>>> print(open('model12.csv').read())   # CSV, C-alpha atoms
chain,number,residue,atom,x,y,z
A,291,MET,CA,7.2,97.5,-17.6
A,292,PHE,CA,4.9,94.8,-16.2
A,293,THR,CA,2.7,97.4,-14.5
A,294,VAL,CA,2.3,99.3,-17.7
A,295,LEU,CA,1.3,96.2,-19.6
A,296,ALA,CA,-1.2,95.2,-16.9
A,297,LEU,CA,-2.7,98.6,-16.9
A,298,CYS,CA,-3.1,98.4,-20.7
A,299,LEU,CA,-4.9,95.0,-20.4
A,300,ILE,CA,-7.6,96.2,-17.9
A,301,PRO,CA,-9.7,98.0,-20.5
A,302,ALA,CA,-9.3,95.1,-22.9
A,303,THR,CA,-10.8,92.6,-20.4
A,304,ARG,CA,-13.7,94.9,-19.7
A,305,TYR,CA,-14.4,95.5,-23.4
A,306,TYR,CA,-18.0,94.4,-23.4
A,307,GLN,CA,-19.0,96.6,-20.5
A,308,VAL,CA,-17.0,99.7,-21.5
A,309,ASP,CA,-17.6,99.8,-25.3
A,310,GLU,CA,-21.2,99.1,-25.6
A,311,PRO,CA,-21.8,101.9,-28.2
A,312,LEU,CA,-18.8,100.6,-30.3
A,313,LEU,CA,-20.2,97.0,-30.0
A,314,ARG,CA,-23.6,98.2,-31.3
A,315,PHE,CA,-21.8,100.0,-34.2
A,316,LEU,CA,-19.9,96.8,-35.1
A,317,ARG,CA,-23.0,94.6,-34.9
A,318,GLY,CA,-25.1,97.1,-36.8
A,319,SER,CA,-28.6,98.4,-36.1
A,320,ARG,CA,-30.2,95.1,-37.2
A,321,HIS,CA,-28.8,93.0,-34.3
A,322,VAL,CA,-31.2,91.5,-31.8
A,323,ASP,CA,-30.8,88.9,-29.1
A,324,PRO,CA,-32.8,85.9,-30.3
A,325,LEU,CA,-33.2,84.6,-26.7
A,326,ALA,CA,-34.6,87.8,-25.3
A,327,LEU,CA,-37.1,88.9,-28.0
A,328,HIS,CA,-39.9,88.7,-25.5
A,329,LEU,CA,-38.3,90.9,-22.8
A,330,ALA,CA,-37.8,94.2,-24.5
A,331,GLY,CA,-37.3,95.9,-27.9
A,332,GLU,CA,-39.4,95.9,-31.0
A,333,PHE,CA,-40.4,92.2,-31.0
A,334,VAL,CA,-42.3,92.2,-27.7
A,335,GLU,CA,-45.7,90.5,-27.9
A,336,ASN,CA,-47.8,93.6,-28.1
A,337,ASN,CA,-45.7,95.2,-30.9
A,338,LEU,CA,-46.1,92.2,-33.3
A,339,GLY,CA,-48.4,92.7,-36.2
A,340,THR,CA,-49.2,95.6,-38.6
A,341,GLU,CA,-48.4,99.1,-37.6
A,342,GLN,CA,-49.8,102.1,-39.4
A,343,ASP,CA,-47.1,104.6,-40.5
A,344,ALA,CA,-47.7,108.3,-40.9
A,345,ASP,CA,-47.1,108.3,-44.7
A,346,GLY,CA,-49.8,105.7,-45.3
A,347,SER,CA,-47.5,102.7,-45.6
A,348,VAL,CA,-47.5,100.0,-43.0
A,349,THR,CA,-44.8,98.2,-41.0
A,350,VAL,CA,-45.2,94.5,-40.2
A,351,ARG,CA,-43.3,92.9,-37.4
A,352,MET,CA,-43.1,89.1,-37.1
A,353,ILE,CA,-41.2,86.4,-35.3
A,354,ALA,CA,-40.4,83.1,-37.0
A,355,GLN,CA,-39.8,80.2,-34.6
A,356,GLN,CA,-40.0,76.4,-34.7
A,357,TYR,CA,-42.6,75.8,-36.1
A,358,LEU,CA,-44.8,78.9,-36.3
A,359,PHE,CA,-44.9,82.4,-37.6
A,360,VAL,CA,-46.1,84.9,-35.0
A,361,PRO,CA,-48.6,86.5,-35.5
A,362,HIS,CA,-50.2,83.5,-37.2
A,363,CYS,CA,-52.3,85.7,-39.6
A,364,ILE,CA,-51.2,89.1,-40.9
A,365,LEU,CA,-53.5,91.7,-42.2
A,366,VAL,CA,-52.2,94.4,-44.7
A,367,PRO,CA,-53.9,96.9,-47.0
A,368,ALA,CA,-53.5,96.4,-50.8
A,369,GLY,CA,-51.4,98.6,-53.0
A,370,VAL,CA,-49.5,100.1,-50.1
A,371,PRO,CA,-45.8,99.8,-49.3
A,372,VAL,CA,-45.3,97.1,-46.6
A,373,HIS,CA,-42.1,97.3,-44.6
A,374,LEU,CA,-41.5,93.8,-43.2
A,375,ARG,CA,-39.3,93.4,-40.2
A,376,ILE,CA,-38.9,89.7,-39.1
A,377,THR,CA,-36.4,87.8,-36.9
A,378,SER,CA,-36.0,84.3,-35.8
A,379,ALA,CA,-36.1,83.0,-32.2
A,380,ASP,CA,-34.2,79.8,-32.9
A,381,ALA,CA,-33.2,78.3,-36.3
A,382,VAL,CA,-32.9,79.7,-39.8
A,383,HIS,CA,-36.2,80.0,-41.5
A,384,SER,CA,-37.4,81.5,-44.8
A,385,LEU,CA,-40.6,83.4,-45.3
A,386,THR,CA,-42.3,83.1,-48.6
A,387,PHE,CA,-45.8,84.2,-49.8
A,388,ASN,CA,-47.4,81.7,-52.2
A,389,GLY,CA,-48.4,83.3,-55.4
A,390,THR,CA,-45.8,86.0,-55.2
A,391,ASN,CA,-42.0,86.2,-55.8
A,392,TYR,CA,-41.2,87.3,-52.3
A,393,ALA,CA,-38.9,85.2,-50.2
A,394,VAL,CA,-37.2,86.5,-47.0
A,395,LYS,CA,-34.4,84.6,-45.3
A,396,VAL,CA,-34.9,84.8,-41.5
A,397,LEU,CA,-31.8,84.4,-39.3
A,398,PRO,CA,-31.6,84.3,-35.5
A,399,GLY,CA,-29.8,87.4,-34.2
A,400,THR,CA,-30.6,89.6,-37.2
A,401,ILE,CA,-33.7,91.6,-38.2
A,402,SER,CA,-34.5,90.7,-41.8
A,403,VAL,CA,-35.9,93.7,-43.6
A,404,ALA,CA,-37.9,93.6,-46.8
A,405,GLU,CA,-40.0,96.1,-48.8
A,406,LEU,CA,-43.1,94.4,-50.1
A,407,GLN,CA,-46.2,95.5,-51.9
A,408,PHE,CA,-49.4,93.5,-52.7
A,409,PRO,CA,-51.4,95.1,-55.5
A,410,ARG,CA,-54.4,92.8,-55.3
A,411,ALA,CA,-56.6,91.9,-52.3
A,412,GLY,CA,-56.7,88.2,-51.4
A,413,GLU,CA,-55.4,85.5,-49.2
A,414,TYR,CA,-51.9,84.2,-49.5
A,415,LYS,CA,-50.4,81.2,-47.8
A,416,THR,CA,-47.2,82.0,-45.9
A,417,VAL,CA,-44.8,79.1,-46.0
A,418,CYS,CA,-41.4,78.3,-44.4
A,419,ARG,CA,-39.0,77.3,-47.2
A,420,GLU,CA,-35.9,76.5,-45.2
A,421,PHE,CA,-35.8,73.2,-43.4
A,422,CYS,CA,-35.9,74.2,-39.7
A,423,GLY,CA,-36.6,70.9,-37.9
A,424,ALA,CA,-39.1,68.1,-37.2
A,425,GLY,CA,-42.2,70.2,-37.8
A,426,HIS,CA,-41.0,72.3,-40.7
A,427,TYR,CA,-43.5,71.0,-43.2
A,428,ALA,CA,-46.4,72.2,-41.1
A,429,MET,CA,-44.9,75.7,-40.6
A,430,ARG,CA,-47.4,77.7,-42.5
A,431,SER,CA,-49.5,80.8,-41.8
A,432,GLU,CA,-51.6,83.3,-43.6
A,433,LEU,CA,-51.4,86.7,-45.1
A,434,LYS,CA,-54.7,88.6,-45.7
A,435,VAL,CA,-54.6,91.5,-48.1
A,436,VAL,CA,-57.7,93.7,-47.9
A,437,PRO,CA,-58.7,96.7,-50.0
A,438,ARG,CA,-57.4,100.0,-48.5
A,439,ASP,CA,-60.8,101.2,-47.4
A,440,GLN,CA,-61.4,98.0,-45.5
A,441,PHE,CA,-58.2,98.2,-43.5
A,442,PRO,CA,-59.0,99.4,-40.0
A,443,ALA,CA,-57.8,102.8,-38.8
A,444,LEU,CA,-55.0,101.9,-36.3
A,445,ARG,CA,-54.0,104.2,-33.5
A,446,ALA,CA,-50.2,104.7,-32.9
A,447,GLU,CA,-49.9,102.0,-30.2
A,448,GLU,CA,-52.4,99.6,-31.9
A,449,ARG,CA,-51.3,96.6,-34.0
A,450,GLY,CA,-53.5,95.1,-36.6
A,451,ASN,CA,-54.0,91.4,-37.2
A,452,CYS,CA,-56.7,89.2,-38.7
A,453,ALA,CA,-58.4,88.5,-35.3
A,454,ALA,CA,-59.0,92.3,-34.8
A,455,GLN,CA,-60.7,92.7,-38.2
B,146,MET,CA,-56.7,149.4,0.0
B,147,ARG,CA,-54.1,147.1,1.5
B,148,ARG,CA,-56.7,144.4,2.0
B,149,ASN,CA,-57.9,144.8,-1.5
B,150,ASN,CA,-54.3,144.4,-2.8
B,151,ARG,CA,-53.8,141.2,-0.8
B,152,HIS,CA,-57.0,139.9,-2.2
B,153,THR,CA,-55.9,140.3,-5.9
B,154,LEU,CA,-52.5,138.8,-5.0
B,155,SER,CA,-54.1,135.6,-3.6
B,156,HIS,CA,-56.3,135.4,-6.7
B,157,ARG,CA,-53.2,135.5,-8.9
B,158,THR,CA,-51.4,132.8,-6.9
B,159,PHE,CA,-54.5,130.7,-7.1
B,160,ALA,CA,-54.6,131.1,-10.9
B,161,TRP,CA,-50.9,130.0,-11.1
B,162,VAL,CA,-51.5,126.9,-9.0
B,163,VAL,CA,-54.5,125.9,-11.1
B,164,ALA,CA,-52.4,126.4,-14.3
B,165,ALA,CA,-49.6,124.3,-12.9
B,166,ILE,CA,-51.9,121.5,-12.0
B,167,VAL,CA,-53.5,121.5,-15.4
B,168,VAL,CA,-50.1,121.4,-17.2
B,169,ALA,CA,-48.9,118.6,-14.9
B,170,ALA,CA,-52.0,116.5,-15.3
B,171,GLY,CA,-51.9,117.1,-19.1
B,172,SER,CA,-48.3,116.0,-19.5
B,173,ALA,CA,-49.0,113.0,-17.3
B,174,ILE,CA,-51.8,111.9,-19.6
B,175,LEU,CA,-49.6,112.4,-22.6
B,176,VAL,CA,-46.9,110.3,-21.2
B,177,ALA,CA,-49.3,107.6,-20.2
B,178,SER,CA,-50.9,107.4,-23.7
B,179,ASP,CA,-47.5,107.6,-25.4
B,180,ALA,CA,-45.8,104.6,-23.8
B,181,ALA,CA,-48.0,101.5,-23.7
B,182,PRO,CA,-46.4,99.0,-21.3
B,183,ASP,CA,-44.8,96.0,-22.9
B,184,ARG,CA,-46.6,92.7,-22.3
B,185,ILE,CA,-43.9,90.3,-21.1
B,186,PRO,CA,-45.0,86.6,-21.0
B,187,SER,CA,-42.1,85.4,-18.9
B,188,LEU,CA,-38.9,86.7,-17.4
B,189,VAL,CA,-37.0,83.5,-18.3
B,190,THR,CA,-34.5,83.5,-21.1
B,191,TRP,CA,-32.6,80.3,-22.2
B,192,THR,CA,-29.1,81.7,-21.7
B,193,SER,CA,-26.4,79.2,-20.9
B,194,ASP,CA,-26.3,80.5,-17.3
B,195,ASN,CA,-30.0,79.8,-16.8
B,196,ILE,CA,-29.7,76.4,-18.3
B,197,ALA,CA,-26.8,75.5,-16.1
B,198,ALA,CA,-28.7,76.8,-13.0
B,199,ALA,CA,-31.8,74.7,-13.9
B,200,THR,CA,-29.9,71.5,-14.6
B,201,SER,CA,-27.4,71.5,-11.7
B,202,GLY,CA,-29.7,70.5,-8.8
B,203,ASP,CA,-29.1,67.8,-6.2
B,204,ALA,CA,-31.8,65.1,-6.6
B,205,PHE,CA,-31.4,63.7,-3.1
B,206,ARG,CA,-31.9,67.1,-1.4
B,207,GLY,CA,-34.8,67.6,-3.9
B,208,MET,CA,-36.4,64.4,-2.7
B,209,LEU,CA,-36.5,65.6,0.9
B,210,LEU,CA,-37.9,69.0,-0.2
B,211,ALA,CA,-40.5,67.3,-2.5
B,212,LYS,CA,-42.2,65.7,0.5
B,213,ARG,CA,-44.5,68.7,0.6
B,214,CYS,CA,-45.3,68.3,-3.1
B,215,ASP,CA,-46.5,64.7,-2.6
B,216,HIS,CA,-50.0,65.6,-1.6
B,217,CYS,CA,-50.9,67.0,-5.0
B,218,HIS,CA,-48.3,65.7,-7.4
B,219,GLY,CA,-48.2,62.1,-6.1
B,220,ALA,CA,-45.6,60.3,-4.1
B,221,GLU,CA,-43.7,59.3,-7.2
B,222,GLY,CA,-44.6,62.1,-9.5
B,223,PHE,CA,-47.9,60.6,-10.7
B,224,THR,CA,-51.2,62.2,-9.6
B,225,ALA,CA,-54.8,61.3,-9.6
B,226,VAL,CA,-55.9,64.9,-9.5
B,227,GLY,CA,-57.0,66.3,-12.8
B,228,SER,CA,-55.9,69.8,-12.2
B,229,THR,CA,-52.4,68.8,-11.3
B,230,PRO,CA,-49.7,67.7,-13.7
B,231,ASN,CA,-47.7,64.5,-13.5
B,232,LEU,CA,-44.1,65.5,-13.0
B,233,ALA,CA,-42.2,62.1,-13.1
B,234,GLY,CA,-39.6,62.2,-15.9
B,235,MET,CA,-40.5,65.7,-16.9
B,236,ASN,CA,-37.7,67.8,-18.6
B,237,LYS,CA,-35.7,69.7,-16.1
B,238,LEU,CA,-36.0,73.0,-18.0
B,239,ALA,CA,-39.7,72.7,-18.3
B,240,ILE,CA,-40.4,72.3,-14.5
B,241,TRP,CA,-37.8,75.0,-13.8
B,242,LYS,CA,-39.4,77.5,-16.1
B,243,GLN,CA,-42.8,77.0,-14.6
B,244,LEU,CA,-41.6,77.4,-11.1
B,245,GLU,CA,-39.7,80.6,-12.1
B,246,ASP,CA,-42.9,81.9,-13.7
B,247,PHE,CA,-44.9,81.1,-10.6
B,248,ARG,CA,-42.3,83.0,-8.6
B,249,SER,CA,-42.5,86.1,-10.8
B,250,HIS,CA,-46.3,85.8,-11.1
B,251,LYS,CA,-46.2,85.4,-14.8
B,252,ARG,CA,-48.2,82.2,-14.5
B,253,ASN,CA,-51.0,82.3,-12.0
B,254,SER,CA,-52.1,79.7,-9.5
B,255,ARG,CA,-53.3,80.3,-6.0
B,256,VAL,CA,-51.6,77.2,-4.8
B,257,MET,CA,-48.3,77.3,-6.7
B,258,GLU,CA,-47.4,81.0,-6.5
B,259,PRO,CA,-46.9,81.0,-2.7
B,260,ILE,CA,-45.1,77.7,-2.8
B,261,ALA,CA,-42.7,78.8,-5.5
B,262,GLU,CA,-42.1,82.0,-3.7
B,263,SER,CA,-41.1,80.2,-0.6
B,264,LEU,CA,-38.4,78.2,-2.5
B,265,SER,CA,-34.9,79.5,-2.9
B,266,SER,CA,-33.1,79.2,-6.3
B,267,ARG,CA,-31.2,76.2,-5.1
B,268,ASP,CA,-34.4,74.6,-3.8
B,269,VAL,CA,-36.0,75.0,-7.2
B,270,ALA,CA,-33.1,73.4,-9.0
B,271,ASP,CA,-33.0,70.5,-6.5
B,272,VAL,CA,-36.8,69.7,-6.7
B,273,VAL,CA,-36.5,69.9,-10.5
B,274,SER,CA,-33.7,67.5,-10.5
B,275,TYR,CA,-35.6,65.0,-8.3
B,276,TYR,CA,-38.8,65.0,-10.5
B,277,ALA,CA,-36.8,64.8,-13.7
B,278,ASP,CA,-35.0,61.7,-12.4
B,279,LEU,CA,-38.2,59.7,-11.5
B,280,PRO,CA,-39.0,56.9,-13.9
B,281,VAL,CA,-41.9,57.2,-16.3
B,282,PHE,CA,-42.4,53.7,-17.5
B,283,THR,CA,-44.5,51.5,-15.3
B,284,ASP,CA,-43.5,48.0,-14.2
B,285,PRO,CA,-45.8,45.1,-13.1
B,286,GLN,CA,-45.1,45.7,-9.4
B,287,ASP,CA,-46.0,49.4,-9.8
B,288,ASN,CA,-49.4,50.8,-8.9
B,289,ARG,CA,-48.8,54.0,-11.0
B,290,VAL,CA,-50.7,52.7,-14.0
B,291,PHE,CA,-52.4,54.9,-16.6
B,292,PRO,CA,-56.2,54.9,-16.6
B,293,GLU,CA,-57.7,52.0,-18.5
B,294,ALA,CA,-60.0,54.3,-20.5
B,295,GLN,CA,-58.9,54.5,-24.1
B,296,PRO,CA,-60.1,57.3,-26.3
B,297,ASP,CA,-62.9,56.4,-28.7
B,298,ALA,CA,-61.9,55.5,-32.2
B,299,GLY,CA,-62.9,58.8,-33.8
B,300,HIS,CA,-61.0,60.9,-31.2
B,301,ALA,CA,-58.0,58.6,-31.3
B,302,ALA,CA,-57.7,59.1,-35.1
B,303,ILE,CA,-58.0,62.9,-34.8
B,304,ALA,CA,-55.4,63.1,-31.9
B,305,SER,CA,-53.0,60.6,-33.5
B,306,ARG,CA,-53.0,62.7,-36.7
B,307,LEU,CA,-52.4,66.0,-34.9
B,308,VAL,CA,-49.7,64.5,-32.8
B,309,THR,CA,-47.9,62.9,-35.7
B,310,PHE,CA,-48.5,65.2,-38.6
B,311,GLY,CA,-50.2,68.3,-37.3
B,312,ASP,CA,-52.4,70.1,-39.8
B,313,GLY,CA,-50.4,71.8,-42.6
B,314,GLU,CA,-53.6,73.4,-44.1
B,315,ARG,CA,-54.2,75.4,-40.9
B,316,GLY,CA,-50.6,75.7,-39.9
B,317,ILE,CA,-50.7,73.5,-36.8
B,318,PRO,CA,-47.3,71.9,-36.3
B,319,PRO,CA,-47.3,68.3,-35.0
B,320,CYS,CA,-47.3,68.1,-31.2
B,321,GLN,CA,-44.5,65.5,-31.1
B,322,SER,CA,-42.0,67.8,-32.9
B,323,CYS,CA,-41.8,69.9,-29.7
B,324,HIS,CA,-43.3,67.9,-26.9
B,325,GLY,CA,-41.6,64.6,-27.7
B,326,PRO,CA,-40.9,61.8,-28.1
B,327,VAL,CA,-39.6,62.7,-31.6
B,328,ALA,CA,-38.0,66.0,-30.7
B,329,TYR,CA,-38.0,68.7,-27.9
B,330,ARG,CA,-37.6,72.4,-28.0
B,331,VAL,CA,-35.7,74.1,-25.1
B,332,GLY,CA,-38.0,74.4,-22.1
B,333,VAL,CA,-40.9,72.5,-23.5
B,334,PRO,CA,-42.6,69.9,-21.3
B,335,SER,CA,-42.7,66.3,-22.3
B,336,LEU,CA,-46.4,65.1,-22.7
B,337,ALA,CA,-45.5,61.4,-22.9
B,338,SER,CA,-47.2,60.6,-19.6
B,339,GLN,CA,-49.2,63.7,-18.8
B,340,ASN,CA,-52.5,63.6,-17.1
B,341,GLY,CA,-55.4,64.0,-19.6
B,342,ASP,CA,-57.5,66.5,-17.6
B,343,TYR,CA,-54.4,68.7,-17.0
B,344,VAL,CA,-53.7,68.8,-20.8
B,345,LEU,CA,-57.2,69.8,-21.5
B,346,ASN,CA,-57.2,72.5,-18.8
B,347,GLN,CA,-54.0,74.0,-20.1
B,348,LEU,CA,-55.1,73.9,-23.8
B,349,GLU,CA,-58.3,75.8,-22.8
B,350,ALA,CA,-56.3,78.2,-20.6
B,351,PHE,CA,-53.9,79.0,-23.5
B,352,ALA,CA,-56.8,79.5,-25.9
B,353,ASP,CA,-58.7,82.0,-23.8
B,354,ARG,CA,-55.4,83.7,-22.6
B,355,GLY,CA,-56.0,82.7,-19.0
B,356,ARG,CA,-52.4,81.3,-19.2
B,357,ALA,CA,-50.0,83.5,-21.1
B,358,ASN,CA,-46.5,82.5,-20.1
B,359,ASP,CA,-45.4,80.9,-23.3
B,360,ILE,CA,-42.4,82.8,-24.8
B,361,ASN,CA,-43.2,84.2,-28.2
B,362,MET,CA,-46.8,82.8,-28.0
B,363,PRO,CA,-46.5,79.3,-29.6
B,364,MET,CA,-49.2,77.6,-27.4
B,365,ARG,CA,-51.6,80.5,-27.3
B,366,THR,CA,-51.5,80.5,-31.1
B,367,ILE,CA,-51.9,76.7,-31.6
B,368,SER,CA,-54.6,76.3,-28.9
B,369,ALA,CA,-56.7,79.0,-30.5
B,370,LEU,CA,-56.4,77.2,-33.9
B,371,LEU,CA,-57.6,73.8,-32.4
B,372,SER,CA,-61.3,73.1,-32.2
B,373,GLU,CA,-63.0,72.1,-29.0
B,374,ASP,CA,-63.3,68.5,-30.2
B,375,GLU,CA,-59.6,68.4,-31.0
B,376,ARG,CA,-58.6,69.6,-27.6
B,377,HIS,CA,-60.6,66.9,-26.0
B,378,ALA,CA,-59.2,64.3,-28.4
B,379,LEU,CA,-55.6,65.3,-27.5
B,380,ALA,CA,-56.3,65.3,-23.8
B,381,GLU,CA,-57.8,61.7,-24.1
B,382,TYR,CA,-54.8,60.6,-26.2
B,383,TYR,CA,-52.1,61.8,-23.8
B,384,GLY,CA,-54.2,60.9,-20.7
B,385,ALA,CA,-54.4,57.2,-21.9
B,386,GLY,CA,-50.6,57.1,-22.1
B,387,LEU,CA,-50.5,56.8,-25.9
B,388,GLY,CA,-47.8,59.5,-26.0
B,389,LEU,CA,-45.3,57.1,-24.6
B,390,GLN,CA,-44.8,55.3,-27.9
B,391,PRO,CA,-43.8,57.5,-30.8
B,392,ALA,CA,-46.8,57.4,-33.2
B,393,GLY,CA,-45.7,55.8,-36.5
B,394,ALA,CA,-46.3,57.1,-40.0
B,395,SER,CA,-49.3,54.8,-40.1
B,396,GLY,CA,-51.3,57.4,-38.2
B,397,ALA,CA,-54.2,56.2,-36.2
B,398,LYS,CA,-53.7,53.0,-34.1
>>> encode(input="model12.csv", output="structure tokens")
Amino acid sequence: MFTVLALCLIPATRYYQVDEPLLRFLRGSRHVDPLALHLAGEFVENNLGTEQDADGSVTVRMIAQQYLFVPHCILVPAGVPVHLRITSADAVHSLTFNGTNYAVKVLPGTISVAELQFPRAGEYKTVCREFCGAGHYAMRSELKVVPRDQFPALRAEERGNCAAQ
Amino acid sequence: MRRNNRHTLSHRTFAWVVAAIVVAAGSAILVASDAAPDRIPSLVTWTSDNIAAATSGDAFRGMLLAKRCDHCHGAEGFTAVGSTPNLAGMNKLAIWKQLEDFRSHKRNSRVMEPIAESLSSRDVADVVSYYADLPVFTDPQDNRVFPEAQPDAGHAAIASRLVTFGDGERGIPPCQSCHGPVAYRVGVPSLASQNGDYVLNQLEAFADRGRANDINMPMRTISALLSEDERHALAEYYGAGLGLQPAGASGAK
């Protein structure tokens, strides 16, 4: 009896190693490890910024951390769907674009996804609206919306930002 | 006849070989252009295991090991050399991370890379523990005094403002919210008693990407936002030991 019970317990103790696909299913596809964003996955340094999609829309990937948004200035074309994917490396943050109604809650361990669109070209201040620590009030960055024809043509592996413009 | 036949055969094999080479080279180029390598700033992650490893050193053994560090980092963790950091009282995780980055060549230094490579994991933890335990504050009997030179009034005001408040307009967070003495982020060095020239060197290195081992790019971003004058002002401020006292809400001293 004891042997049978012990044999049943072995898979249970090795749950994390054995059932990685199940774990991924339970956590959902939007789970990331906030401590290891820089090592692998979609939030590595060279993948941050604006990515040109095949259908003309763009995907923006960002990290919010105490007390900065990275990249510090985002460049997107006007009048085009913007798929925002953002996650936090430490505390809870909230990304808002001044002059718009958009607000995205950013949680560590989860990729926050939002569908945005900016009809007019211009510069928007990006502000953190969730108290995140001692430097919270200075946690601001910039979003630059440029007319579609001024947005640079990006290759598949290229990521756009204000510095590249 | 026979000779002719063999001739055509060898021609055919040659054509196949050429075709194979072309296909192989083409696919290699495709693979290369498809997968751009990830740029990884540092192999360190702040898992509880790593934090435990970094903070569980033996300070006495570290003191014996640190004899070879004296020459540049000073006998008691204070140095007169501008290119070398003061290590006395530095956060354990900060020194540990830099040594790990030197070991994995994520931070480059002709001097420190071979030294860090020669240390075992236990040696690193012990040395870290020794330097973290050295006192920062100077007493009257002590010759480890900060330079007498004070920053000029204009620079002091600029630096004091950046350290205390940052610059919200440009999105520069206050230095003291991560580098102390108000608050610290995990793995961030204390600047309270840092050497001014070293601060300036590192700010410039971060700004021109000569140093790129900050996880998720905070310092590369901030240094690039600072002007040349502001970098000098901050270096003078910290070099004069003004970082020891928390700057009050009154701003400039």
>>> closest_atom_pairs(input="model12.csv", of="chain B", to="chain A", cutoff="8 Å", atoms="only C-alpha atoms", output="CSV")
residue,atom,partner,partner_atom,distance
B:Asp179,CA,A:Glu447,CA,7.8
B:Ala181,CA,A:Glu447,CA,6.8
B:Asp183,CA,A:Asn336,CA,6.5
B:Arg184,CA,A:Asn336,CA,6.0
B:Ile185,CA,A:Leu329,CA,5.9
B:Pro186,CA,A:His328,CA,7.1
B:Ser187,CA,A:His328,CA,7.7
B:Leu188,CA,A:Leu329,CA,6.9
B:Thr190,CA,A:Leu325,CA,5.9
B:Trp191,CA,A:Leu325,CA,6.3
B:Thr192,CA,A:Leu325,CA,7.1
B:Phe310,CA,A:Ala428,CA,7.7
B:Gly311,CA,A:Ala428,CA,6.6
B:Asp312,CA,A:Ala428,CA,6.5
B:Gly313,CA,A:Ala428,CA,4.3
B:Glu314,CA,A:Arg430,CA,7.7
B:Arg315,CA,A:Ser431,CA,7.2
B:Gly316,CA,A:Arg430,CA,4.6
B:Ile317,CA,A:Ala428,CA,6.2
B:Pro318,CA,A:Ala428,CA,4.9
B:Pro319,CA,A:Gly425,CA,6.1
B:Ser322,CA,A:Ala424,CA,5.2
B:Val327,CA,A:Ala424,CA,7.8
B:Ala328,CA,A:Ala424,CA,6.9
B:Ile360,CA,A:His328,CA,6.4
B:Asn361,CA,A:His328,CA,6.2
B:Met362,CA,A:Val360,CA,7.3
B:Pro363,CA,A:Leu358,CA,6.9
B:Thr366,CA,A:His362,CA,6.9
>>> residues_near_point(input="model12.csv", point="(-42.0, 81.8, -10.2)", cutoff="10 Å", atoms="only C-alpha atoms", output="PDB file with C-alpha atoms, in the coordinates of the input")
ATOM      1  CA  SER B 187     -42.100  85.400 -18.900  1.00  0.00           C
ATOM      2  CA  LEU B 188     -38.900  86.700 -17.400  1.00  0.00           C
ATOM      3  CA  VAL B 189     -37.000  83.500 -18.300  1.00  0.00           C
ATOM      4  CA  TRP B 241     -37.800  75.000 -13.800  1.00  0.00           C
ATOM      5  CA  LYS B 242     -39.400  77.500 -16.100  1.00  0.00           C
ATOM      6  CA  GLN B 243     -42.800  77.000 -14.600  1.00  0.00           C
ATOM      7  CA  LEU B 244     -41.600  77.400 -11.100  1.00  0.00           C
ATOM      8  CA  GLU B 245     -39.700  80.600 -12.100  1.00  0.00           C
ATOM      9  CA  ASP B 246     -42.900  81.900 -13.700  1.00  0.00           C
ATOM     10  CA  PHE B 247     -44.900  81.100 -10.600  1.00  0.00           C
ATOM     11  CA  ARG B 248     -42.300  83.000  -8.600  1.00  0.00           C
ATOM     12  CA  SER B 249     -42.500  86.100 -10.800  1.00  0.00           C
ATOM     13  CA  HIS B 250     -46.300  85.800 -11.100  1.00  0.00           C
ATOM     14  CA  LYS B 251     -46.200  85.400 -14.800  1.00  0.00           C
ATOM     15  CA  ARG B 252     -48.200  82.200 -14.500  1.00  0.00           C
ATOM     16  CA  ASN B 253     -51.000  82.300 -12.000  1.00  0.00           C
ATOM     17  CA  MET B 257     -48.300  77.300  -6.700  1.00  0.00           C
ATOM     18  CA  GLU B 258     -47.400  81.000  -6.500  1.00  0.00           C
ATOM     19  CA  PRO B 259     -46.900  81.000  -2.700  1.00  0.00           C
ATOM     20  CA  ILE B 260     -45.100  77.700  -2.800  1.00  0.00           C
ATOM     21  CA  ALA B 261     -42.700  78.800  -5.500  1.00  0.00           C
ATOM     22  CA  GLU B 262     -42.100  82.000  -3.700  1.00  0.00           C
ATOM     23  CA  SER B 263     -41.100  80.200  -0.600  1.00  0.00           C
ATOM     24  CA  LEU B 264     -38.400  78.200  -2.500  1.00  0.00           C
ATOM     25  CA  VAL B 269     -36.000  75.000  -7.200  1.00  0.00           C
TER      26      VAL B 269
END
>>> closest_residue(input="model12.csv", among="A:Val294, A:Cys422, A:Val403, A:Val348", to="A:Val366", atoms="all atoms listed in the file")
A:Val348
>>> closest_residue(input="model12.csv", among="A:Ile364, A:Asp343, A:Leu295, A:Pro311", to="A:Asn451", atoms="all atoms listed in the file")
A:Ile364
>>> atom_distance(input="model12.csv", atom1="atom CA of B:Ala270", atom2="atom CA of A:Asp323")
25.5 Å
>>> atom_distance(input="model12.csv", atom1="atom CA of B:Cys214", atom2="atom CA of B:Cys323")
26.9 Å
>>> atom_distance(input="model12.csv", atom1="atom CA of A:Val372", atom2="atom CA of A:Glu405")
5.8 Å
